[in-house]
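The next block is coords.txt, given as compact mmCIF, C-alpha atoms.
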```txt
# COMPACT_ATOMS: atom_id res chain seq x y z
CA MET A 284 30.16 -17.29 6.60
CA ARG A 285 29.33 -17.84 10.27
CA GLU A 286 28.80 -21.35 11.65
CA LEU A 287 25.73 -21.52 13.89
CA THR A 288 25.75 -23.90 16.85
CA ILE A 289 22.17 -24.18 18.05
CA GLY A 290 21.89 -27.84 19.00
CA THR A 291 23.59 -28.94 15.76
CA HIS A 292 26.05 -27.67 13.18
CA PHE A 293 24.95 -25.87 10.02
CA ALA A 294 26.66 -26.19 6.65
CA PHE A 295 26.41 -23.71 3.78
CA ASP A 296 24.61 -24.84 0.65
CA ALA A 297 26.02 -22.68 -2.17
CA SER A 298 23.14 -23.52 -4.51
CA ILE A 299 20.61 -22.04 -2.09
CA GLY A 300 22.56 -19.32 -0.35
CA ASP A 301 21.35 -20.14 3.17
CA PRO A 302 22.78 -22.27 5.96
CA MET A 303 21.36 -25.79 5.96
CA PRO A 304 21.22 -28.29 8.82
CA SER A 305 23.79 -31.10 8.54
CA MET A 306 22.42 -34.43 9.74
CA PRO A 307 23.82 -37.99 9.74
CA GLN A 308 23.59 -39.89 6.45
CA PRO A 309 22.05 -42.07 5.21
CA ALA A 310 19.85 -42.83 8.23
CA GLY A 311 17.14 -40.37 9.13
CA GLN A 312 16.35 -39.10 5.60
CA LEU A 313 12.70 -38.52 6.50
CA VAL A 314 13.70 -36.67 9.66
CA ARG A 315 16.20 -34.60 7.67
CA SER A 316 13.51 -33.64 5.16
CA PHE A 317 11.10 -32.61 7.93
CA VAL A 318 13.69 -30.63 9.86
CA THR A 319 14.99 -28.95 6.71
CA ASN A 320 11.50 -27.92 5.56
CA THR A 321 10.69 -26.61 9.03
CA TYR A 322 13.98 -24.74 9.10
CA TYR A 323 13.38 -23.04 5.75
CA LYS A 324 9.85 -22.04 6.71
CA LYS A 325 11.35 -20.28 9.72
CA VAL A 326 14.03 -18.66 7.53
CA ILE A 327 11.41 -17.35 5.10
CA THR A 328 9.27 -16.01 7.96
CA MET A 329 12.30 -14.29 9.50
CA LYS A 330 13.27 -12.77 6.14
CA LYS A 331 9.77 -11.31 5.74
CA PHE A 332 9.97 -9.86 9.24
CA LEU A 333 13.42 -8.37 8.62
CA SER A 334 12.26 -6.92 5.31
CA ALA A 335 9.33 -5.17 6.99
CA ALA A 336 11.62 -3.93 9.77
CA ALA A 337 14.11 -2.55 7.24
CA ALA A 338 11.33 -0.72 5.41
CA SER A 339 10.13 0.77 8.68
CA ILE A 340 13.62 1.96 9.60
CA ALA A 341 14.08 3.54 6.17
CA LEU A 342 10.79 5.40 6.47
CA PHE A 343 11.58 6.72 9.95
CA ALA A 344 15.05 7.78 8.82
CA SER A 345 13.42 10.17 6.33
CA ALA A 346 11.33 11.92 8.99
CA PRO A 347 12.51 15.14 10.66
CA SER A 348 14.16 14.56 14.04
CA SER A 349 12.56 17.51 15.84
CA ALA A 350 9.45 19.65 15.71
CA ALA A 351 9.16 21.64 12.51
CA LEU A 352 6.76 23.69 10.42
CA ILE A 353 6.76 21.67 7.19
CA ASN A 354 6.39 23.53 3.90
CA LEU A 355 4.05 21.37 1.85
CA ASP A 356 5.09 23.17 -1.33
CA THR A 357 8.52 21.51 -1.11
CA LEU A 358 7.63 18.27 0.71
CA VAL A 359 8.73 15.16 -1.18
CA GLY A 360 7.29 11.78 -0.22
CA TRP A 361 5.83 11.22 3.24
CA ASP A 362 6.56 12.96 6.53
CA ILE A 363 6.24 10.21 9.17
CA GLN A 364 6.03 10.92 12.90
CA ASP A 365 6.03 8.48 15.80
CA GLN A 366 5.70 9.73 19.38
CA PHE A 367 5.60 7.94 22.72
CA THR A 368 3.11 9.97 24.74
CA ALA A 369 -0.20 9.34 26.47
CA VAL A 370 -3.20 10.44 24.43
CA PRO A 371 -4.41 12.96 23.68
CA PHE A 372 -1.27 14.69 22.36
CA PHE A 373 -0.28 16.85 19.39
CA PHE A 374 2.25 15.57 16.91
CA ASP A 375 5.32 17.79 16.78
CA ASN A 376 5.27 18.71 13.11
CA THR A 377 2.76 21.13 11.62
CA TYR A 378 2.16 21.92 7.95
CA THR A 379 1.58 24.99 5.79
CA THR A 380 1.48 26.05 2.15
CA ALA A 381 1.86 29.29 0.22
CA VAL A 382 -0.28 28.21 -2.73
CA GLY A 383 -2.86 25.76 -1.34
CA LYS A 384 -2.55 21.97 -1.28
CA THR A 385 -4.60 18.82 -0.81
CA VAL A 386 -3.01 16.95 2.10
CA LYS A 387 -3.04 13.16 2.41
CA VAL A 388 -2.83 11.68 5.90
CA THR A 389 -2.82 8.05 6.99
CA ASP A 390 -2.10 5.72 9.86
CA LEU A 391 0.38 2.94 9.09
CA PHE A 392 2.34 0.07 10.68
CA VAL A 393 -0.09 -1.12 13.40
CA TRP A 394 -3.79 -0.42 12.79
CA GLY A 395 -5.70 1.63 15.36
CA ASP A 396 -4.37 5.20 15.45
CA GLU A 397 -7.05 7.89 15.26
CA TYR A 398 -6.68 11.65 14.96
CA ARG A 399 -8.28 15.05 15.28
CA TYR A 400 -7.03 17.72 12.90
CA TYR A 401 -6.88 21.48 13.28
CA ILE A 402 -6.54 24.33 10.79
CA ASN A 403 -5.24 27.58 12.28
CA ASP A 404 -5.78 26.07 15.77
CA VAL A 405 -9.48 25.42 15.13
CA ALA A 406 -10.64 21.80 15.43
CA ILE A 407 -12.11 20.80 12.06
CA GLY A 408 -12.79 17.07 12.29
CA THR A 409 -11.66 13.57 13.25
CA ILE A 410 -10.01 10.79 11.26
CA LEU A 411 -11.16 7.42 12.58
CA ALA A 412 -9.98 3.87 11.97
CA PRO A 413 -12.39 1.79 9.88
CA LEU A 414 -13.35 -1.74 10.87
CA PRO A 415 -12.27 -4.49 10.78
CA ALA A 416 -8.68 -4.16 11.97
CA ALA A 417 -6.09 -4.25 9.18
CA PRO A 418 -2.86 -6.28 9.08
CA PHE A 419 0.53 -4.65 9.59
CA GLU A 420 1.53 -2.29 6.76
CA SER A 421 4.79 -0.32 6.54
CA ASN A 422 4.18 1.39 3.19
CA PRO A 423 2.20 4.65 3.62
CA ASP A 424 1.02 4.66 -0.01
CA THR A 425 -0.39 1.15 0.41
CA ALA A 426 -1.95 2.03 3.78
CA PHE A 427 -3.60 5.17 2.37
CA ASN A 428 -4.85 3.57 -0.84
CA SER A 429 -6.16 0.45 0.90
CA GLY A 430 -8.76 2.38 2.88
CA LEU A 431 -8.17 -0.03 5.78
CA PHE A 432 -6.39 2.49 8.03
CA ALA A 433 -7.50 5.85 9.41
CA HIS A 434 -6.92 8.21 6.47
CA ALA A 435 -8.19 11.43 4.91
CA SER A 436 -7.61 14.05 2.22
CA ILE A 437 -7.69 17.61 3.55
CA ALA A 438 -7.86 20.82 1.49
CA LEU A 439 -5.48 23.41 2.93
CA ALA A 440 -5.69 26.98 1.63
CA ALA A 441 -2.71 29.27 1.13
CA GLY A 442 -1.31 30.54 4.43
CA GLU A 443 -3.21 28.07 6.62
CA VAL A 444 -1.49 25.86 9.20
CA LEU A 445 -2.51 22.24 9.70
CA LYS A 446 -1.76 20.14 12.78
CA PHE A 447 -2.81 16.75 14.09
CA GLU A 448 -3.77 15.45 17.54
CA ALA A 449 -3.59 11.77 18.43
CA ILE A 450 -6.79 10.74 20.19
CA THR A 451 -6.54 6.91 20.05
CA LEU A 452 -3.55 4.54 20.00
CA PRO A 453 -3.44 0.90 18.86
CA ALA A 454 -4.39 -1.50 21.65
CA GLY A 455 -1.38 -2.41 23.76
CA PHE A 456 0.86 0.32 22.31
CA THR A 457 2.15 3.54 23.88
CA ASP A 458 3.17 5.37 20.70
CA GLY A 459 1.19 7.08 17.99
CA THR A 460 2.14 7.16 14.31
CA ILE A 461 1.01 9.42 11.47
CA ALA A 462 2.12 9.90 7.87
CA VAL A 463 1.47 13.10 5.89
CA SER A 464 1.99 13.80 2.19
CA VAL A 465 0.70 16.00 -0.62
CA ALA A 466 -1.76 14.81 -3.25
CA PRO A 467 -0.38 15.13 -6.79
CA VAL A 468 -1.63 18.08 -8.84
CA PRO A 469 -3.34 17.07 -12.10
CA GLU A 470 -1.28 17.82 -15.21
CA PRO A 471 -2.59 20.68 -17.43
CA GLY A 472 -3.21 18.19 -20.22
CA ALA A 473 -5.39 16.05 -17.95
CA LEU A 474 -7.39 19.12 -16.92
CA ALA A 475 -7.88 20.05 -20.57
CA LEU A 476 -9.15 16.56 -21.38
CA LEU A 477 -11.51 16.73 -18.43
CA GLY A 478 -12.84 20.08 -19.68
CA LEU A 479 -13.41 18.67 -23.17
CA GLY A 480 -15.20 15.67 -21.72
CA LEU A 481 -17.52 17.86 -19.66
CA ALA A 482 -18.22 20.09 -22.66
CA GLY A 483 -19.07 17.04 -24.78
CA LEU A 484 -21.39 15.72 -22.08
CA ALA A 485 -23.19 19.07 -21.89
CA ALA A 486 -23.61 19.19 -25.69
CA SER A 487 -24.97 15.63 -25.71
CA ARG A 488 -27.55 16.51 -23.10
CA ARG A 489 -28.64 19.60 -25.06
CA ARG A 490 -29.16 17.49 -28.20
CA LYS A 491 -31.32 14.99 -26.28
CA GLN A 492 -33.47 17.83 -24.95
```
Let me see the file written as structure tokens.
Amino acid sequence: MRELTIGTHFAFDASIGDPMPSMPQPAGQLVRSFVTNTYYKKVITMKKFLSAAAASIALFASAPSSAALINLDTLVGWDIQDQFTAVPFFFDNTYTTAVGKTVKVTDLFVWGDEYRYYINDVAIGTILAPLPAAPFESNPDTAFNSGLFAHASIALAAGEVLKFEAITLPAGFTDGTIAVSVAPVPEPGALALLGLGLAGLAASRRRKQ
């Protein structure tokens, strides 16, 4: 264990697992309680920050390090890109499929990124950030499902190539971030149940008529 020397010495409390300020005893009990509570609030805040930072590093570590044509048929998880360039600019990675896919795209981390997307080099539409601004979020699934960040689902046919252009960056930032994944394909059993449900609904309507 390291001993910290920031104005006072810190002792290790084995029952808590964190360093704890050592103060004179018995005088100053009220001061000790105040300082200790303040200290632990700061520790908890720092731990939350470090946890978010670690999650961000792990996500970036999974992203390709250079421009690539990503095969969506074999993509697992999220492809996350972050580029430091003045807008507008194209993200390095592009995406294709041999069988057709529904593509999920979302902003994450700091709210405010906005995009234009292209299929086969033809501009199709924009993906804009909804209001109000959302708090920091490092999990792309949470960001996408929340609906608080710029996000979209895009149908990509077999053989088509999808790419994204950053058109707006978060205020005060010089880098743009985007996360891309593939929507899960419904299981055959789920499709069969859906078909039975639709057939039953149609039969019910015929009986009412």
> Which residue out of A:Gly360, A:Gly459, A:Pro418, A:Pro371 has the minimum interatomic distance to Trp394 (chain A) when all atoms listed in the file are used?
Replying inline: A:Pro418
> Which neighbours of Thr380 (chain A) fall inside 8 Å, counting all atoms listed in the file, when residues of the same chain fewer than 6 positions from it are skipped, and could you give them as a VMD selection string?
Replying inline: chain A and resid 354 to 356 439 to 444
Expected file contents, prior selection, C-alpha atoms, as a PDB file, in the frame of the given file:
```pdb
ATOM      1  CA  ASN A 354       6.390  23.530   3.900  1.00  0.00           C
ATOM      2  CA  LEU A 355       4.050  21.370   1.850  1.00  0.00           C
ATOM      3  CA  ASP A 356       5.090  23.170  -1.330  1.00  0.00           C
ATOM      4  CA  LEU A 439      -5.480  23.410   2.930  1.00  0.00           C
ATOM      5  CA  ALA A 440      -5.690  26.980   1.630  1.00  0.00           C
ATOM      6  CA  ALA A 441      -2.710  29.270   1.130  1.00  0.00           C
ATOM      7  CA  GLY A 442      -1.310  30.540   4.430  1.00  0.00           C
ATOM      8  CA  GLU A 443      -3.210  28.070   6.620  1.00  0.00           C
ATOM      9  CA  VAL A 444      -1.490  25.860   9.200  1.00  0.00           C
TER      10      VAL A 444
END
```
>> List the spatial neighbours of Asp396 (chain A) as a ChimeraX atom specification - criterion: any atom at most 12 Å away, only C-alpha atoms, same-chain residues fewer than 2 positions off excluded.
In response: /A:365-366,370-371,388-394,398-399,409-413,416-417,431-434,447-462
> Rounded to one decimal in Å, what is the spacing between CA of Thr377 (chain A) and CA of Ala351 (chain A)?
Replying inline: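 These atoms are spaced 6.5 Å apart.
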>> For Val386 (chain A), find every residue with an atom within 9 Å (counting all atoms listed in the file), except residues of its own chain fewer than 4 positions away, and show them as a PyMOL selection string.
In response: chain A and resi 355+435-439+463-466
> For Asn376 (chain A), which of A:Leu358, A:Val468, A:Ile407, A:Leu445 is the closest residue, counting all atoms listed in the file?
Replying inline: A:Leu445
> Could you work out how far CA of Gln364 (chain A) lies from CA of Ala350 (chain A), giving the answer in Å with one decimal?
Replying inline: 9.8 Å
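In terms of minimum interatomic distance to Asp375 (chain A), A:Lys446 ranks closest within A:Lys446, A:Asn428, A:Gly395, A:Pro467, counting only C-alpha atoms.
You will find CA of Ser429 (chain A) at 21.9 Å from CA of Lys384 (chain A).
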Dump of region 356-427 of chain A from preceding block, C-alpha atoms, as a PDB file, in the first residue's frame:
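Wrote it out as result36.pdb, contents follow:
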```
ATOM      1  CA  ASP A 356     -22.005 -10.362 -41.671  1.00  0.00           C
ATOM      2  CA  THR A 357     -19.137 -11.135 -39.273  1.00  0.00           C
ATOM      3  CA  LEU A 358     -19.179  -8.015 -37.069  1.00  0.00           C
ATOM      4  CA  VAL A 359     -19.527  -8.814 -33.369  1.00  0.00           C
ATOM      5  CA  GLY A 360     -20.499  -6.065 -30.938  1.00  0.00           C
ATOM      6  CA  TRP A 361     -19.923  -2.416 -31.829  1.00  0.00           C
ATOM      7  CA  ASP A 362     -17.406  -0.823 -34.176  1.00  0.00           C
ATOM      8  CA  ILE A 363     -16.489   2.493 -32.508  1.00  0.00           C
ATOM      9  CA  GLN A 364     -14.614   5.273 -34.292  1.00  0.00           C
ATOM     10  CA  ASP A 365     -13.260   8.531 -32.897  1.00  0.00           C
ATOM     11  CA  GLN A 366     -11.522  11.032 -35.171  1.00  0.00           C
ATOM     12  CA  PHE A 367      -9.968  14.440 -34.524  1.00  0.00           C
ATOM     13  CA  THR A 368     -10.817  16.414 -37.654  1.00  0.00           C
ATOM     14  CA  ALA A 369     -12.729  19.569 -38.478  1.00  0.00           C
ATOM     15  CA  VAL A 370     -16.256  18.925 -39.714  1.00  0.00           C
ATOM     16  CA  PRO A 371     -17.462  17.910 -42.135  1.00  0.00           C
ATOM     17  CA  PHE A 372     -15.386  14.726 -42.485  1.00  0.00           C
ATOM     18  CA  PHE A 373     -15.964  11.068 -43.342  1.00  0.00           C
ATOM     19  CA  PHE A 374     -15.268   8.411 -40.755  1.00  0.00           C
ATOM     20  CA  ASP A 375     -12.572   6.015 -41.912  1.00  0.00           C
ATOM     21  CA  ASN A 376     -14.499   2.760 -41.709  1.00  0.00           C
ATOM     22  CA  THR A 377     -17.211   1.808 -44.190  1.00  0.00           C
ATOM     23  CA  TYR A 378     -19.618  -1.136 -44.012  1.00  0.00           C
ATOM     24  CA  THR A 379     -21.006  -3.771 -46.360  1.00  0.00           C
ATOM     25  CA  THR A 380     -22.945  -7.032 -46.311  1.00  0.00           C
ATOM     26  CA  ALA A 381     -23.395 -10.005 -48.615  1.00  0.00           C
ATOM     27  CA  VAL A 382     -26.856 -10.929 -47.358  1.00  0.00           C
ATOM     28  CA  GLY A 383     -28.484  -7.663 -46.216  1.00  0.00           C
ATOM     29  CA  LYS A 384     -28.508  -6.279 -42.672  1.00  0.00           C
ATOM     30  CA  THR A 385     -30.234  -3.730 -40.478  1.00  0.00           C
ATOM     31  CA  VAL A 386     -27.495  -1.432 -39.167  1.00  0.00           C
ATOM     32  CA  LYS A 387     -27.666   0.302 -35.794  1.00  0.00           C
ATOM     33  CA  VAL A 388     -25.746   3.557 -35.390  1.00  0.00           C
ATOM     34  CA  THR A 389     -25.447   5.833 -32.369  1.00  0.00           C
ATOM     35  CA  ASP A 390     -23.505   8.684 -30.870  1.00  0.00           C
ATOM     36  CA  LEU A 391     -22.051   7.999 -27.419  1.00  0.00           C
ATOM     37  CA  PHE A 392     -19.794   9.464 -24.713  1.00  0.00           C
ATOM     38  CA  VAL A 393     -20.479  13.216 -25.064  1.00  0.00           C
ATOM     39  CA  TRP A 394     -23.859  14.188 -26.541  1.00  0.00           C
ATOM     40  CA  GLY A 395     -23.927  16.323 -29.692  1.00  0.00           C
ATOM     41  CA  ASP A 396     -22.459  14.384 -32.628  1.00  0.00           C
ATOM     42  CA  GLU A 397     -24.598  14.437 -35.774  1.00  0.00           C
ATOM     43  CA  TYR A 398     -24.139  12.557 -39.036  1.00  0.00           C
ATOM     44  CA  ARG A 399     -25.040  12.232 -42.688  1.00  0.00           C
ATOM     45  CA  TYR A 400     -25.045   8.720 -44.108  1.00  0.00           C
ATOM     46  CA  TYR A 401     -24.406   7.486 -47.621  1.00  0.00           C
ATOM     47  CA  ILE A 402     -25.215   4.240 -49.423  1.00  0.00           C
ATOM     48  CA  ASN A 403     -23.056   3.556 -52.479  1.00  0.00           C
ATOM     49  CA  ASP A 404     -21.772   7.160 -52.254  1.00  0.00           C
ATOM     50  CA  VAL A 405     -25.281   8.633 -52.484  1.00  0.00           C
ATOM     51  CA  ALA A 406     -26.389  10.821 -49.560  1.00  0.00           C
ATOM     52  CA  ILE A 407     -29.516   9.225 -48.073  1.00  0.00           C
ATOM     53  CA  GLY A 408     -30.264  11.177 -44.902  1.00  0.00           C
ATOM     54  CA  THR A 409     -29.082  12.777 -41.666  1.00  0.00           C
ATOM     55  CA  ILE A 410     -28.990  11.506 -38.089  1.00  0.00           C
ATOM     56  CA  LEU A 411     -29.528  14.407 -35.695  1.00  0.00           C
ATOM     57  CA  ALA A 412     -29.153  14.758 -31.931  1.00  0.00           C
ATOM     58  CA  PRO A 413     -32.466  15.028 -30.077  1.00  0.00           C
ATOM     59  CA  LEU A 414     -33.038  17.648 -27.392  1.00  0.00           C
ATOM     60  CA  PRO A 415     -32.399  18.136 -24.549  1.00  0.00           C
ATOM     61  CA  ALA A 416     -28.722  17.282 -24.212  1.00  0.00           C
ATOM     62  CA  ALA A 417     -28.039  13.890 -22.621  1.00  0.00           C
ATOM     63  CA  PRO A 418     -25.543  13.089 -19.845  1.00  0.00           C
ATOM     64  CA  PHE A 419     -22.280  11.276 -20.560  1.00  0.00           C
ATOM     65  CA  GLU A 420     -22.768   7.649 -21.628  1.00  0.00           C
ATOM     66  CA  SER A 421     -19.975   5.182 -22.486  1.00  0.00           C
ATOM     67  CA  ASN A 422     -22.138   2.140 -23.251  1.00  0.00           C
ATOM     68  CA  PRO A 423     -23.308   2.140 -26.904  1.00  0.00           C
ATOM     69  CA  ASP A 424     -26.245  -0.199 -26.186  1.00  0.00           C
ATOM     70  CA  THR A 425     -27.493   2.161 -23.476  1.00  0.00           C
ATOM     71  CA  ALA A 426     -26.929   5.221 -25.682  1.00  0.00           C
ATOM     72  CA  PHE A 427     -28.814   3.647 -28.604  1.00  0.00           C
TER      73      PHE A 427
END
```
